[in-house]
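Below: the structure, in structure tokens.
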Amino acid sequence: KSTLMLQICSQLCRFAKVLYVSGEESPHQLKMRAERLKVASGNLYVLSETCLGDVLECVSEEAPDILIVDSIQTLYNEELDSPAGSVSQVKDCTMTLMQLAKGQGITVFVIGHVNKEGSIAGPKVLEHMVDCVLYFEGEQSSNYRILRAAKNRFGSTNEIGVFEMEEHGLIEVPNPSEMLLAGRPIGAPGTCVACAMEGSRPVMAEVQALVARTSFNVPRRTTDGFDFNRANLLLA
């Protein structure tokens, strides 16, 4: 996520003053990552802080056009007794940032962690408080990442972005179908090409099937990357 946000900063810094608040990585770590990604701009300011009061004070002094908080789970309000990352802290800090954005006209990016169930770690009300919810997804064994909108008050949620992780950062993949079908053998048994809809974008993907003899009375069916109940429905 830090790689993605630094690349976004490199684009935003061309026309706006950006304040990047990092509660997880130190300025030295961000500097090394920025040098690798070749991100350098006089409009990019970095603050390593987790106290909400200090962040608001810095925003008042620097008056940035865009504020990035990485992450909301590390931010805390000293007036609350609960620890950082708790439901009350996440909700209170997000509400304060929302009032800051509306009151001073600052665009605020709030980065949040996702738990193993795939939902935002923290109160579900966090999604209702913001104008746009973006999910940045990917598999550990793959170099490809998908950016999708789960909520968007300014436009459609039926669009996705596909990116590939390279040495110097994320590169857009203009044709995901070509990427998914690369290296596919022609005429191989047990494979076919199917069209999957990701938002409003049709994506051609390869579907593979393997059949083997079983010693059980009832055959066992398994799926990978496809809903098991839907597979049983199609087979029926």
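Each chain in the structure tokens gets a letter, A, B, ..., in the order shown, and its residues are numbered from 1; ligands are numbered from 1 in order too.
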
Give me, as a ChimeraX atom specification, the residues of range 73-213 of chain A that a backbone DSSP run labels alpha helix (DSSP H). /A:87-104,125-129,176-180

Within 9 Å of range 27-33 of chain A using only C-alpha atoms, minus same-chain residues under 4 positions, as a ChimeraX atom specification: /A:2-3,6,22,37-39,46-48

Serialized selection, C-alpha atoms, as a PDB file, in the first residue's frame:
ATOM      1  CA  SER A   2       2.890   2.381   0.685  1.00  0.00           C
ATOM      2  CA  THR A   3       4.160   1.785  -2.847  1.00  0.00           C
ATOM      3  CA  LEU A   6       3.805   7.051  -3.041  1.00  0.00           C
ATOM      4  CA  SER A  22       2.867   7.857   8.294  1.00  0.00           C
ATOM      5  CA  LEU A  37      10.252   4.548  -7.135  1.00  0.00           C
ATOM      6  CA  LYS A  38      11.927   7.795  -8.262  1.00  0.00           C
ATOM      7  CA  VAL A  39       9.416   9.950  -6.378  1.00  0.00           C
ATOM      8  CA  VAL A  46       6.147  13.663   5.261  1.00  0.00           C
ATOM      9  CA  LEU A  47       5.101  13.543   8.922  1.00  0.00           C
ATOM     10  CA  SER A  48       5.776  10.501  11.115  1.00  0.00           C
TER      11      SER A  48
END

With only C-alpha atoms as the basis for distance, which of A:Gly161, A:Gly42, A:Pro189, A:Pro64 is at the shortest distance from Val108 in chain A?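 Checking each candidate against Val108 in chain A, we get A:Pro64 as the closest.
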
Pairwise distance for CA of Leu100 in chain A and CA of Thr157 in chain A, rounded to one decimal in Å: 25.6 Å

Apply DSSP to the backbone of this structure and, from range 8-236 of chain A, keep only the residues in strand (DSSP E or B); write these as an MDAnalysis selection string. chainID A and resid 18:22 44:48 51 66:70 76 107:111 114 120 132:138 144:152 160:166 169:172 191:198 201:208

Taking only C-alpha atoms into account, which of A:Arg221, A:Val55, A:Cys192, A:Glu172 comes nearest Val207 in chain A?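 So, comparing all the options, the nearest one is A:Cys192.
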
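Computed from the coordinates, the CA of Leu234 in chain A to CA of Ala194 in chain A distance equals 14.4 Å.
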
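The gap separating CA of Met204 in chain A from CA of Asn175 in chain A is 9.7 Å, in Å to one decimal.
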
Could you check which of A:Gln73, A:Ser200, A:Gln208, A:Thr94 is closest to Pro185 in chain A, using only C-alpha atoms? A:Gln208
